[in-house]
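**Q** Sharing my_file27.txt here; it has compact mmCIF, C-alpha atoms and all ligand atoms.
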```
# COMPACT_ATOMS: atom_id res chain seq x y z
CA MET V 1 88.24 81.92 109.64
CA ILE V 2 86.22 82.40 106.45
CA SER V 3 82.84 80.68 106.42
CA ILE V 4 81.53 79.32 103.13
CA ALA V 5 77.99 78.44 102.09
CA LEU V 6 78.57 75.78 99.43
CA ILE V 7 75.64 75.25 97.09
CA GLY V 8 76.02 72.00 95.17
CA SER V 9 78.42 70.24 97.56
CA THR V 10 77.95 66.75 96.10
CA GLY V 11 78.83 67.66 92.51
CA SER V 12 82.15 67.60 90.70
CA ILE V 13 82.97 71.21 91.63
CA GLY V 14 81.46 70.90 95.12
CA ARG V 15 83.64 67.91 95.98
CA GLN V 16 86.73 69.83 94.89
CA VAL V 17 85.71 72.80 97.06
CA CYS V 18 85.63 70.29 99.93
CA ASN V 19 89.21 69.25 99.04
CA VAL V 20 90.37 72.87 99.37
CA VAL V 21 88.66 73.28 102.75
CA ARG V 22 90.19 69.96 103.85
CA ARG V 23 93.62 71.30 102.79
CA TYR V 24 93.23 74.56 104.76
CA PRO V 25 91.01 73.81 107.78
CA ASP V 26 92.44 76.70 109.80
CA ARG V 27 91.38 79.22 107.14
CA PHE V 28 88.04 77.92 105.88
CA CYS V 29 84.95 76.26 107.26
CA PHE V 30 81.46 75.62 105.91
CA SER V 31 78.61 77.57 107.41
CA ALA V 32 76.27 75.58 105.18
CA LEU V 33 76.33 72.63 102.82
CA VAL V 34 73.56 72.40 100.23
CA ALA V 35 72.87 69.68 97.69
CA ARG V 36 69.82 68.39 95.86
CA GLY V 37 69.25 64.75 96.74
CA ASN V 38 72.45 62.68 96.86
CA ARG V 39 71.84 61.73 100.46
CA GLU V 40 74.68 59.29 100.98
CA LEU V 41 77.54 61.54 99.94
CA PHE V 42 75.84 64.53 101.56
CA PHE V 43 75.79 62.84 104.96
CA GLU V 44 79.45 61.90 104.64
CA GLN V 45 80.27 65.55 103.93
CA VAL V 46 78.09 66.86 106.75
CA SER V 47 79.62 64.42 109.28
CA GLU V 48 83.10 65.46 108.22
CA PHE V 49 82.68 69.24 108.03
CA ARG V 50 79.91 69.85 110.60
CA PRO V 51 78.36 72.94 108.97
CA ARG V 52 75.82 74.89 111.03
CA ARG V 53 73.21 74.19 108.35
CA ALA V 54 72.72 71.23 106.02
CA VAL V 55 70.05 71.47 103.35
CA LEU V 56 68.84 69.07 100.66
CA THR V 57 66.67 70.98 98.22
CA GLN V 58 64.70 68.04 96.83
CA LYS V 59 61.25 67.65 98.36
CA GLY V 60 61.16 64.52 100.52
CA ALA V 61 64.94 64.13 100.45
CA PHE V 62 64.97 63.15 104.13
CA SER V 63 61.84 61.02 104.01
CA GLY V 64 61.97 57.92 106.17
CA MET V 65 64.73 59.29 108.39
CA SER V 66 65.38 62.00 110.94
CA PRO V 67 68.99 63.09 110.49
CA ALA V 68 70.81 64.13 113.67
CA ILE V 69 74.38 65.31 113.96
CA GLN V 70 75.35 67.48 116.92
CA GLY V 71 75.54 71.17 116.07
CA VAL V 72 74.00 70.74 112.59
CA ALA V 73 70.51 72.00 111.69
CA PHE V 74 69.10 69.86 108.87
CA SER V 75 66.36 71.13 106.59
CA GLU V 76 64.75 70.57 103.20
CA GLY V 77 63.83 72.78 100.24
CA GLU V 78 65.23 75.68 98.20
CA GLU V 79 63.82 78.33 100.57
CA LYS V 80 65.92 76.91 103.40
CA ALA V 81 68.96 76.77 101.12
CA LEU V 82 68.51 80.44 100.28
CA GLU V 83 68.31 81.33 103.98
CA CYS V 84 71.76 79.80 104.60
CA ILE V 85 73.33 82.39 102.36
CA GLU V 86 72.64 85.13 104.90
CA GLU V 87 74.95 83.54 107.48
CA SER V 88 78.16 83.11 105.45
CA ASP V 89 81.18 85.18 104.40
CA VAL V 90 81.50 83.61 100.95
CA VAL V 91 78.84 81.94 98.81
CA PHE V 92 80.18 79.30 96.46
CA VAL V 93 77.59 78.54 93.79
CA ALA V 94 78.49 75.13 92.39
CA ALA V 95 74.95 73.92 91.66
CA SER V 96 74.26 73.00 88.05
CA GLY V 97 71.75 74.59 85.70
CA PHE V 98 69.36 77.54 85.74
CA ALA V 99 68.62 76.63 89.38
CA GLY V 100 71.95 78.26 90.29
CA LEU V 101 70.75 81.74 89.34
CA LYS V 102 68.52 82.21 92.38
CA TYR V 103 71.41 81.45 94.75
CA SER V 104 73.71 83.88 92.96
CA LEU V 105 71.09 86.64 93.09
CA LYS V 106 70.52 86.02 96.79
CA ALA V 107 74.28 86.14 97.50
CA ILE V 108 74.51 89.47 95.66
CA ALA V 109 71.46 90.87 97.46
CA CYS V 110 73.09 89.92 100.79
CA GLY V 111 76.34 91.65 99.76
CA LYS V 112 78.44 88.46 99.97
CA ARG V 113 81.56 87.54 98.05
CA LEU V 114 80.29 85.26 95.28
CA ALA V 115 82.57 82.51 93.99
CA LEU V 116 80.75 81.59 90.80
CA ALA V 117 81.14 78.21 89.14
CA ASN V 118 77.53 78.06 87.91
CA LYS V 119 77.91 79.52 84.42
CA GLU V 120 74.16 79.41 83.78
CA THR V 121 73.89 82.37 86.19
CA LEU V 122 75.61 84.63 83.67
CA VAL V 123 74.40 82.91 80.50
CA SER V 124 70.74 83.16 81.51
CA GLY V 125 70.76 86.27 83.65
CA GLY V 126 73.97 88.16 82.84
CA ASP V 127 72.35 91.54 82.37
CA LEU V 128 70.37 91.40 85.63
CA VAL V 129 73.22 89.80 87.59
CA MET V 130 75.87 92.31 86.52
CA ARG V 131 73.54 95.22 87.19
CA GLN V 132 73.02 93.96 90.73
CA VAL V 133 76.73 93.23 91.20
CA ARG V 134 77.49 96.87 90.31
CA GLU V 135 74.71 98.26 92.50
CA LYS V 136 75.78 96.23 95.52
CA GLY V 137 79.50 96.53 94.81
CA ILE V 138 80.07 92.87 95.67
CA ASP V 139 83.13 90.84 94.84
CA LEU V 140 82.25 88.46 91.99
CA VAL V 141 84.99 85.87 91.58
CA PRO V 142 85.11 83.66 88.49
CA VAL V 143 85.69 79.94 88.99
CA ASP V 144 85.31 78.56 85.45
CA SER V 145 88.93 77.78 84.49
CA GLU V 146 88.98 80.02 81.39
CA HIS V 147 87.55 82.99 83.24
CA SER V 148 89.84 82.45 86.18
CA ALA V 149 92.74 82.43 83.71
CA LEU V 150 91.58 85.75 82.22
CA TRP V 151 91.17 87.22 85.69
CA GLN V 152 94.68 86.11 86.65
CA ALA V 153 96.15 87.57 83.45
CA LEU V 154 94.32 90.80 84.29
CA HIS V 155 95.91 90.80 87.77
CA PHE V 156 92.59 90.03 89.47
CA ASP V 157 91.02 93.16 88.00
CA ARG V 158 87.81 92.38 86.11
CA ARG V 159 87.77 95.97 84.84
CA GLY V 160 91.34 95.78 83.50
CA LYS V 161 92.00 96.98 79.94
CA PHE V 162 92.66 94.51 77.14
CA GLU V 163 92.60 94.19 73.37
CA GLN V 164 91.37 90.60 73.16
CA LEU V 165 90.24 87.80 75.42
CA ILE V 166 91.37 84.48 73.97
CA LEU V 167 89.50 81.51 75.37
CA THR V 168 91.04 78.10 74.93
CA ALA V 169 89.03 74.95 74.24
CA SER V 170 90.19 71.35 74.43
CA GLY V 171 88.01 70.65 71.39
CA GLY V 172 86.28 67.90 73.38
CA PRO V 173 86.27 64.19 72.52
CA PHE V 174 85.06 64.69 68.94
CA TYR V 175 87.39 67.33 67.54
CA GLY V 176 87.97 66.58 63.84
CA LYS V 177 84.88 64.38 63.40
CA SER V 178 82.50 65.05 60.51
CA LYS V 179 78.78 65.70 60.94
CA ALA V 180 78.04 62.19 59.67
CA GLU V 181 80.39 60.65 62.23
CA LEU V 182 78.91 62.80 64.99
CA ALA V 183 75.42 61.51 64.20
CA LYS V 184 76.58 58.07 65.38
CA VAL V 185 78.35 58.90 68.65
CA THR V 186 76.95 57.38 71.85
CA VAL V 187 76.38 58.78 75.33
CA LYS V 188 79.36 56.76 76.55
CA ASP V 189 81.66 58.25 73.87
CA THR V 190 80.42 61.72 74.76
CA LEU V 191 81.07 61.36 78.48
CA ARG V 192 84.70 60.39 77.86
CA HIS V 193 86.26 63.86 77.96
CA PRO V 194 89.96 63.92 77.00
CA THR V 195 91.23 66.35 79.67
CA TRP V 196 88.60 67.23 82.32
CA GLN V 197 86.50 65.22 84.82
CA MET V 198 83.20 67.06 85.21
CA GLY V 199 79.45 66.60 85.78
CA ALA V 200 77.47 64.98 82.94
CA LYS V 201 75.75 68.15 81.64
CA ILE V 202 78.92 70.19 81.15
CA THR V 203 80.75 67.17 79.72
CA VAL V 204 78.13 66.87 76.97
CA ASP V 205 78.25 70.65 76.45
CA SER V 206 82.02 70.41 76.02
CA ALA V 207 81.52 67.83 73.28
CA THR V 208 78.92 69.92 71.40
CA LEU V 209 80.90 73.17 72.05
CA LEU V 210 77.79 74.68 73.62
CA ASN V 211 79.98 75.04 76.70
CA LYS V 212 82.47 77.18 74.81
CA GLY V 213 79.63 79.33 73.47
CA PHE V 214 78.41 79.74 77.07
CA GLU V 215 81.91 80.77 78.06
CA VAL V 216 81.99 83.52 75.44
CA ILE V 217 78.78 84.92 76.95
CA GLU V 218 80.21 84.51 80.44
CA ALA V 219 83.38 86.40 79.41
CA LYS V 220 81.32 89.20 77.90
CA TRP V 221 79.58 89.84 81.21
CA LEU V 222 82.52 89.28 83.54
CA TYR V 223 84.95 91.49 81.62
CA ASP V 224 82.51 93.87 79.92
CA ALA V 225 83.87 92.65 76.58
CA PRO V 226 82.18 93.15 73.22
CA PHE V 227 81.85 89.85 71.34
CA GLU V 228 84.30 90.98 68.64
CA LYS V 229 87.04 91.13 71.28
CA ILE V 230 86.51 87.52 72.38
CA ARG V 231 88.20 84.72 70.42
CA THR V 232 88.35 80.96 70.90
CA VAL V 233 91.26 78.72 69.98
CA VAL V 234 91.67 74.97 70.45
CA GLN V 235 94.51 73.85 72.74
CA PRO V 236 94.01 70.09 72.90
CA THR V 237 95.90 69.28 76.11
CA SER V 238 94.26 71.99 78.28
CA ILE V 239 97.54 73.32 79.65
CA VAL V 240 96.83 76.91 78.58
CA HIS V 241 93.58 77.89 80.29
CA SER V 242 93.07 81.18 78.42
CA MET V 243 94.96 84.31 77.41
CA VAL V 244 94.61 88.08 77.43
CA ALA V 245 96.09 90.20 74.62
CA PHE V 246 96.99 93.83 75.25
CA ALA V 247 97.31 96.94 73.07
CA ASP V 248 101.07 96.52 72.59
CA GLY V 249 100.62 93.05 71.10
CA SER V 250 101.68 91.22 74.29
CA VAL V 251 99.74 88.17 75.36
CA LEU V 252 99.59 86.78 78.91
CA ALA V 253 98.56 83.15 79.31
CA GLN V 254 97.74 81.24 82.46
CA MET V 255 98.95 77.64 82.47
CA SER V 256 98.80 74.60 84.69
CA TYR V 257 97.99 70.95 84.41
CA PRO V 258 94.19 70.71 84.07
CA THR V 259 92.47 70.57 87.45
CA MET V 260 89.64 72.74 88.73
CA GLU V 261 91.23 72.81 92.17
CA VAL V 262 93.52 75.66 91.11
CA PRO V 263 90.75 78.12 90.13
CA ILE V 264 88.56 76.90 93.01
CA GLN V 265 91.30 77.45 95.59
CA LEU V 266 92.30 80.80 94.10
CA ALA V 267 88.69 82.02 94.24
CA LEU V 268 88.90 81.45 98.00
CA THR V 269 92.45 82.62 98.77
CA TYR V 270 93.13 85.40 96.24
CA PRO V 271 95.14 87.62 96.12
CA GLU V 272 97.22 85.06 97.99
CA ARG V 273 98.43 81.94 96.19
CA LEU V 274 98.88 78.89 98.39
CA PRO V 275 100.18 75.39 97.60
CA SER V 276 97.48 73.31 95.95
CA GLY V 277 99.29 70.00 95.76
CA LEU V 278 99.64 70.43 92.00
CA GLN V 279 103.01 70.02 90.29
CA ILE V 280 104.37 72.80 88.07
CA PRO V 281 104.12 71.61 84.45
CA ASP V 282 107.25 69.84 83.21
CA PHE V 283 107.53 71.80 79.97
CA ALA V 284 110.46 69.85 78.57
CA SER V 285 108.49 66.62 78.73
CA LEU V 286 105.32 68.29 77.44
CA GLY V 287 107.24 69.04 74.26
CA GLU V 288 104.88 71.18 72.30
CA ILE V 289 101.77 73.12 73.19
CA ARG V 290 99.65 73.20 70.04
CA PHE V 291 96.97 75.66 69.01
CA LEU V 292 94.37 74.80 66.39
CA PRO V 293 91.35 76.59 64.93
CA LEU V 294 87.91 75.93 66.35
CA GLU V 295 85.73 73.87 64.01
CA ARG V 296 82.42 75.63 63.87
CA LYS V 297 80.66 73.81 61.02
CA ALA V 298 80.33 70.39 62.61
CA PHE V 299 79.54 71.94 66.02
CA PRO V 300 76.69 74.42 65.44
CA CYS V 301 76.01 74.90 69.18
CA TYR V 302 78.91 77.33 69.42
CA ASP V 303 77.44 79.70 66.84
CA LEU V 304 73.93 79.23 68.19
CA ALA V 305 75.19 80.45 71.57
CA LEU V 306 76.96 83.44 70.02
CA THR V 307 73.86 84.38 68.02
CA ALA V 308 71.65 84.14 71.11
CA GLY V 309 74.23 86.10 73.10
CA ALA V 310 74.32 88.86 70.49
CA ALA V 311 70.50 88.98 70.29
CA GLY V 312 70.46 89.49 74.06
CA GLY V 313 67.25 89.91 76.06
CA GLY V 314 65.72 86.54 76.86
CA TYR V 315 67.46 84.62 74.05
CA PRO V 316 70.48 83.40 76.07
CA CYS V 317 68.09 82.24 78.81
CA ALA V 318 66.04 80.30 76.24
CA LEU V 319 69.28 78.92 74.78
CA ASN V 320 70.28 77.58 78.18
CA ALA V 321 66.86 76.11 78.95
CA ALA V 322 66.69 74.38 75.55
CA GLY V 323 70.19 73.04 76.13
CA GLU V 324 69.29 71.63 79.54
CA VAL V 325 66.26 69.79 78.15
CA ALA V 326 68.05 68.55 75.02
CA VAL V 327 71.11 67.30 76.90
CA ASN V 328 68.91 65.57 79.44
CA ALA V 329 67.07 63.82 76.58
CA PHE V 330 70.40 62.85 75.00
CA LEU V 331 71.64 61.39 78.31
CA ARG V 332 68.44 59.33 78.50
CA GLU V 333 69.08 58.22 74.90
CA LYS V 334 65.85 59.79 73.66
CA ILE V 335 67.66 61.87 71.01
CA GLY V 336 71.00 61.58 69.22
CA PHE V 337 74.02 63.85 69.62
CA THR V 338 73.44 66.04 66.55
CA ARG V 339 69.79 66.52 67.50
CA ILE V 340 70.89 68.59 70.55
CA ALA V 341 71.80 71.54 68.30
CA GLU V 342 68.64 71.11 66.22
CA VAL V 343 66.42 71.26 69.31
CA ILE V 344 68.18 74.40 70.55
CA GLU V 345 67.92 76.05 67.15
CA GLU V 346 64.23 75.24 66.89
CA VAL V 347 63.51 76.57 70.39
CA LEU V 348 65.37 79.80 69.64
CA SER V 349 63.40 80.26 66.41
CA ARG V 350 60.17 79.91 68.43
CA THR V 351 61.34 82.35 71.12
CA GLU V 352 59.92 85.84 70.96
CA ARG V 353 61.66 88.96 72.18
CA ALA V 354 60.42 89.48 75.72
CA ARG V 355 61.31 91.38 78.88
CA ALA V 356 64.21 89.73 80.62
CA ASP V 357 65.30 92.28 83.16
CA ASP V 358 64.06 90.69 86.35
CA TYR V 359 64.18 87.23 87.87
CA GLU V 360 60.46 86.50 87.33
CA SER V 361 60.70 87.29 83.59
CA LEU V 362 63.75 85.03 83.28
CA CYS V 363 61.86 82.20 85.03
CA GLU V 364 59.01 82.64 82.56
CA ILE V 365 61.37 82.55 79.55
CA ASP V 366 63.11 79.50 81.01
CA ARG V 367 59.76 77.76 81.58
CA ARG V 368 58.48 78.45 78.06
CA ALA V 369 61.73 77.39 76.39
CA ARG V 370 61.69 74.12 78.34
CA GLU V 371 58.11 73.51 77.30
CA GLU V 372 58.96 74.13 73.63
CA ALA V 373 62.02 71.89 73.82
CA GLU V 374 59.97 69.07 75.37
CA LYS V 375 57.38 69.43 72.59
CA ILE V 376 60.04 69.32 69.90
CA ILE V 377 61.67 66.27 71.43
CA GLY V 378 58.27 64.63 71.91
CA ASN V 379 57.43 65.31 68.27
CA ALA V 380 60.74 63.86 67.19
CA VAL V 381 60.28 60.50 68.89
P1 LIG L 1 77.40 68.18 88.90
O1 LIG L 1 76.24 67.69 88.12
O2 LIG L 1 78.56 67.27 89.15
O3 LIG L 1 76.89 68.68 90.34
C1 LIG L 1 75.79 69.52 90.49
C2 LIG L 1 75.58 69.83 91.97
O4 LIG L 1 74.48 70.71 92.10
C3 LIG L 1 75.24 68.60 92.81
O5 LIG L 1 75.75 68.81 94.11
C4 LIG L 1 73.71 68.64 92.85
O6 LIG L 1 73.18 67.94 93.98
C5 LIG L 1 73.52 70.15 93.00
N1 LIG L 1 72.21 70.66 92.60
C6 LIG L 1 71.50 70.42 91.48
N2 LIG L 1 70.35 71.14 91.48
C7 LIG L 1 70.36 71.85 92.62
C8 LIG L 1 69.45 72.78 93.22
N3 LIG L 1 68.29 73.09 92.62
N4 LIG L 1 69.76 73.34 94.41
C9 LIG L 1 70.93 73.00 95.03
N5 LIG L 1 71.82 72.14 94.53
C10 LIG L 1 71.53 71.56 93.35
O7 LIG L 1 77.88 69.53 88.19
P2 LIG L 1 79.35 70.16 88.12
O8 LIG L 1 79.95 70.17 89.47
O9 LIG L 1 80.09 69.58 87.00
O10 LIG L 1 79.00 71.65 87.68
C11 LIG L 1 78.44 72.59 88.58
C12 LIG L 1 78.40 73.95 87.91
O11 LIG L 1 79.75 74.40 87.68
C13 LIG L 1 77.72 73.94 86.53
O12 LIG L 1 77.05 75.16 86.35
C14 LIG L 1 78.88 73.85 85.55
O13 LIG L 1 78.60 74.43 84.30
C15 LIG L 1 79.95 74.65 86.29
N6 LIG L 1 81.32 74.28 85.95
C16 LIG L 1 81.76 73.01 86.18
C17 LIG L 1 83.06 72.62 85.87
C18 LIG L 1 83.57 71.25 86.19
O14 LIG L 1 84.76 71.01 86.05
N7 LIG L 1 82.74 70.34 86.64
C19 LIG L 1 83.99 73.58 85.25
C20 LIG L 1 83.44 74.90 85.09
C21 LIG L 1 82.15 75.23 85.42
P3 LIG L 1 72.90 66.32 93.92
O15 LIG L 1 74.22 65.67 93.64
O16 LIG L 1 72.42 66.02 95.28
O17 LIG L 1 71.92 66.10 92.83
MG MG L 2 85.44 76.17 81.40
```
Output the file's structure in the form of structure tokens.

**A**
Amino acid sequence: MISIALIGSTGSIGRQVCNVVRRYPDRFCFSALVARGNRELFFEQVSEFRPRRAVLTQKGAFSGMSPAIQGVAFSEGEEKALECIEESDVVFVAASGFAGLKYSLKAIACGKRLALANKETLVSGGDLVMRQVREKGIDLVPVDSEHSALWQALHFDRRGKFEQLILTASGGPFYGKSKAELAKVTVKDTLRHPTWQMGAKITVDSATLLNKGFEVIEAKWLYDAPFEKIRTVVQPTSIVHSMVAFADGSVLAQMSYPTMEVPIQLALTYPERLPSGLQIPDFASLGEIRFLPLERKAFPCYDLALTAGAAGGGYPCALNAAGEVAVNAFLREKIGFTRIAEVIEEVLSRTERARADDYESLCEIDRRAREEAEKIIGNAV
């Protein structure tokens, strides 16, 4: 029986991890469930899975109640969540945002297998994280669908040789729109993703292409790939999840209907592949699988991410922090869609080169970038 500490159990990824554990109860159990503050769903999950530990990280999350389920120790706060990591076989980091980094670092420090959905871990702290992964020799398993596809095409060998990593992008809901049209899109339009059901932050990032820029940075760290060997191509139906090209000109693609349950399950069962309930694509009825170029002009977030990634140091961390603040403001309808990129660009221009090789420095860069972003947004209102 493999015990999993699931961080972010109530989110889109977390709920799908629960589906996998529900499918294979004789292989997997939860040693801990951790979420922030969605009490109702959290209690449903805890009653069903009976983890040894159940933690809500938000201060006061249990106020006005004293939760009691036999065999479950309830607690509150991030410190308690971090403690849970020590008592598991696998740590599944499915929390959103920069907050995920601390859990990933703790999992690595404890020598656990780390199933990593939280892409901010590598965007903000890739250098530090990969150094620690190497030092500890832990098994870092990608969950993001593109990176899982690359890993599968590389036969589960993150150090495998390749000529190019080709990331696919759906293009998001606004592919083909002009800058002027984009200035008018609403939050509702943005949250209507054509192929994936995800949390709000990543759905907005998919529409701005910041998400694809993040994924280039993620690929660089996971596969030790220079940026010039990473390409992005649009594949509107999200059937091809990414591809690896080799020296002889061959390309291996990983395909399936779009659902995160495949990469999530594989992260837990690999090298074994088990039924996931998903049908094999019916290629004859799919007809064609189209590839289109990425449109970079109308979606400046992609290039902003690549520039920050190439600059290295604290810039990708500032990029992420600015993105979190800007997207949050967009979701609250304080700024428009095209302003997201402007805020990020302005924060990056105000960011100075600084030490970014330990967790405390990254927290400081994150804090400052958030402060700048808030100021810029405040000034803009
Ligand atoms: P959601 O917003 O749906 O869920 C986020 C989860 O994290 C919730 O359970 C939330 O708890 C929890 N959480 C937030 N802050 C903290 C914290 N400080 N400590 C512990 N838990 C916390 O996000 P998604 O599931 O969409 O995404 C999760 C991560 O996976 C992101 O990094 C995203 O980029 C990545 N990812 C997601 C994909 C997807 O298909 N959704 C695909 C590829 C990557 P609560 O609900 O209680 O607030
Ligand atoms: Mg992805």

**Q** Please determine the residues with any atom at most 12 Å from (73.3, 76.2, 89.0) (coordinates as given in the file, with all atoms listed in the file counting) and report them as an MDAnalysis selection string.

**A** chainID V and resid 6:9 11 13:14 34:36 92:105 116:125 199 201:202 320:321 324

**Q** Pull C-alpha atoms from the residues just selected and write them as a PDB file, in the frame of the given file.

**A**
```pdb
ATOM      1  CA  LEU V   6      78.570  75.780  99.430  1.00  0.00           C
ATOM      2  CA  ILE V   7      75.640  75.250  97.090  1.00  0.00           C
ATOM      3  CA  GLY V   8      76.020  72.000  95.170  1.00  0.00           C
ATOM      4  CA  SER V   9      78.420  70.240  97.560  1.00  0.00           C
ATOM      5  CA  GLY V  11      78.830  67.660  92.510  1.00  0.00           C
ATOM      6  CA  ILE V  13      82.970  71.210  91.630  1.00  0.00           C
ATOM      7  CA  GLY V  14      81.460  70.900  95.120  1.00  0.00           C
ATOM      8  CA  VAL V  34      73.560  72.400 100.230  1.00  0.00           C
ATOM      9  CA  ALA V  35      72.870  69.680  97.690  1.00  0.00           C
ATOM     10  CA  ARG V  36      69.820  68.390  95.860  1.00  0.00           C
ATOM     11  CA  PHE V  92      80.180  79.300  96.460  1.00  0.00           C
ATOM     12  CA  VAL V  93      77.590  78.540  93.790  1.00  0.00           C
ATOM     13  CA  ALA V  94      78.490  75.130  92.390  1.00  0.00           C
ATOM     14  CA  ALA V  95      74.950  73.920  91.660  1.00  0.00           C
ATOM     15  CA  SER V  96      74.260  73.000  88.050  1.00  0.00           C
ATOM     16  CA  GLY V  97      71.750  74.590  85.700  1.00  0.00           C
ATOM     17  CA  PHE V  98      69.360  77.540  85.740  1.00  0.00           C
ATOM     18  CA  ALA V  99      68.620  76.630  89.380  1.00  0.00           C
ATOM     19  CA  GLY V 100      71.950  78.260  90.290  1.00  0.00           C
ATOM     20  CA  LEU V 101      70.750  81.740  89.340  1.00  0.00           C
ATOM     21  CA  LYS V 102      68.520  82.210  92.380  1.00  0.00           C
ATOM     22  CA  TYR V 103      71.410  81.450  94.750  1.00  0.00           C
ATOM     23  CA  SER V 104      73.710  83.880  92.960  1.00  0.00           C
ATOM     24  CA  LEU V 105      71.090  86.640  93.090  1.00  0.00           C
ATOM     25  CA  LEU V 116      80.750  81.590  90.800  1.00  0.00           C
ATOM     26  CA  ALA V 117      81.140  78.210  89.140  1.00  0.00           C
ATOM     27  CA  ASN V 118      77.530  78.060  87.910  1.00  0.00           C
ATOM     28  CA  LYS V 119      77.910  79.520  84.420  1.00  0.00           C
ATOM     29  CA  GLU V 120      74.160  79.410  83.780  1.00  0.00           C
ATOM     30  CA  THR V 121      73.890  82.370  86.190  1.00  0.00           C
ATOM     31  CA  LEU V 122      75.610  84.630  83.670  1.00  0.00           C
ATOM     32  CA  VAL V 123      74.400  82.910  80.500  1.00  0.00           C
ATOM     33  CA  SER V 124      70.740  83.160  81.510  1.00  0.00           C
ATOM     34  CA  GLY V 125      70.760  86.270  83.650  1.00  0.00           C
ATOM     35  CA  GLY V 199      79.450  66.600  85.780  1.00  0.00           C
ATOM     36  CA  LYS V 201      75.750  68.150  81.640  1.00  0.00           C
ATOM     37  CA  ILE V 202      78.920  70.190  81.150  1.00  0.00           C
ATOM     38  CA  ASN V 320      70.280  77.580  78.180  1.00  0.00           C
ATOM     39  CA  ALA V 321      66.860  76.110  78.950  1.00  0.00           C
ATOM     40  CA  GLU V 324      69.290  71.630  79.540  1.00  0.00           C
TER      41      GLU V 324
END
```

**Q** So, counting all atoms listed in the file, which residue among V:Tyr315, V:Tyr302, V:Phe214, V:Trp151 is closest to ligand MG 2 (chain L)?

**A**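 Nearest to ligand MG 2 (chain L): V:Phe214.
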
**Q** Give the residue list for ligand MG 2 (chain L) at 6 Å, counting only C-alpha atoms and all ligand atoms, as an NGL selection string, sorted by chain and then by residue number.

**A** :V and (144-146)

**Q** Please identify all polymer residues within 10 Å of Val234 of chain V, counting all atoms listed in the file, omitting same-chain residues fewer than 4 positions from it, and present them as a ChimeraX atom specification.

**A** /V:167-172,175,238,240,290-295

**Q** How many Å separate atom CA of Phe227 of chain V from atom CA of Leu150 of chain V?

**A**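 Distance between the two atoms: 15.2 Å.
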
**Q** Which one is closest to Val216 of chain V: V:Ala308, V:Val262, V:Val204, V:Lys188? Count all atoms listed in the file.

**A**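 Selected residue with least distance to Val216 of chain V: V:Ala308.
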
**Q** So which residues touch Asn328 of chain V within 10 Å, counting only C-alpha atoms, skipping near sequence neighbours fewer than 5 positions away, as a list of chain:residue names?

**A** V:Ala200, V:Lys201, V:Val204, V:Ala322, V:Gly323, V:Glu333, V:Lys334, V:Ile335, V:Ile340

**Q** Which neighbours of Glu374 of chain V fall inside 8 Å, counting only C-alpha atoms, when residues of the same chain fewer than 4 positions from it are skipped, and could you give them as a PDB file with C-alpha atoms, in the frame of the given file?

**A**
```pdb
ATOM      1  CA  VAL V 325      66.260  69.790  78.150  1.00  0.00           C
ATOM      2  CA  ARG V 370      61.690  74.120  78.340  1.00  0.00           C
ATOM      3  CA  GLY V 378      58.270  64.630  71.910  1.00  0.00           C
TER       4      GLY V 378
END
```

**Q** What residues have an atom no more than 10 Å from (72.2, 75.2, 101.9) in the file's own frame, counting all atoms listed in the file, and can you write them as a count of residues only?

**A** 32

**Q** Can you tell me which residues surround Arg231 of chain V at a distance of at most 8 Å, considering only C-alpha atoms, apart from same-chain residues fewer than 3 positions away, and format the answer as a PyMOL selection string?

**A** chain V and resi 164-167+228

**Q** One decimal, Å: what's the distance from atom CA of Phe299 of chain V over to atom CA of Pro316 of chain V, could you say?

**A**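 Here the two named atoms are 17.7 Å from each other.
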
**Q** Give me the residues near Arg273 of chain V as a PyMOL selection string, where near means some atom within 12 Å (using only C-alpha atoms) and where sequence neighbours in that chain fewer than 5 positions away do not count.

**A** chain V and resi 152+262-268

**Q** From the list V:Val17, V:Ser256, V:Phe43, V:Val251, which residue is nearest Val143 of chain V when using only C-alpha atoms?

**A** V:Val17

**Q** With all atoms listed in the file as the basis for distance, which of V:Met260, V:Val90, V:Val185, V:Ala107 is at the shortest distance from ligand LIG 1 (chain L)?

**A**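 Of the candidates, the smallest distance to ligand LIG 1 (chain L) is held by V:Met260.
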
**Q** Find, counting only C-alpha atoms and all ligand atoms, the residue in V:Gln279, V:Gln45, V:Thr307, V:Gln197 that gets nearest to ligand LIG 1 (chain L).

**A**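 Of the candidates, the smallest distance to ligand LIG 1 (chain L) is held by V:Gln197.
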
**Q** Using atom CA of Ser361 of chain V and atom CA of Asp127 of chain V as the two end points, give the distance in Å to one decimal.

**A**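 According to the coordinates, atom CA of Ser361 of chain V and atom CA of Asp127 of chain V are separated by 12.5 Å.
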
**Q** Could you check the closest approach to ligand LIG 1 (chain L) for each of V:Leu182, V:Leu286, V:Val187, V:Met198 and tell me which residue wins, using only C-alpha atoms and all ligand atoms?

**A**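 Looking only at the distances to ligand LIG 1 (chain L), the closest residue turns out to be V:Met198.
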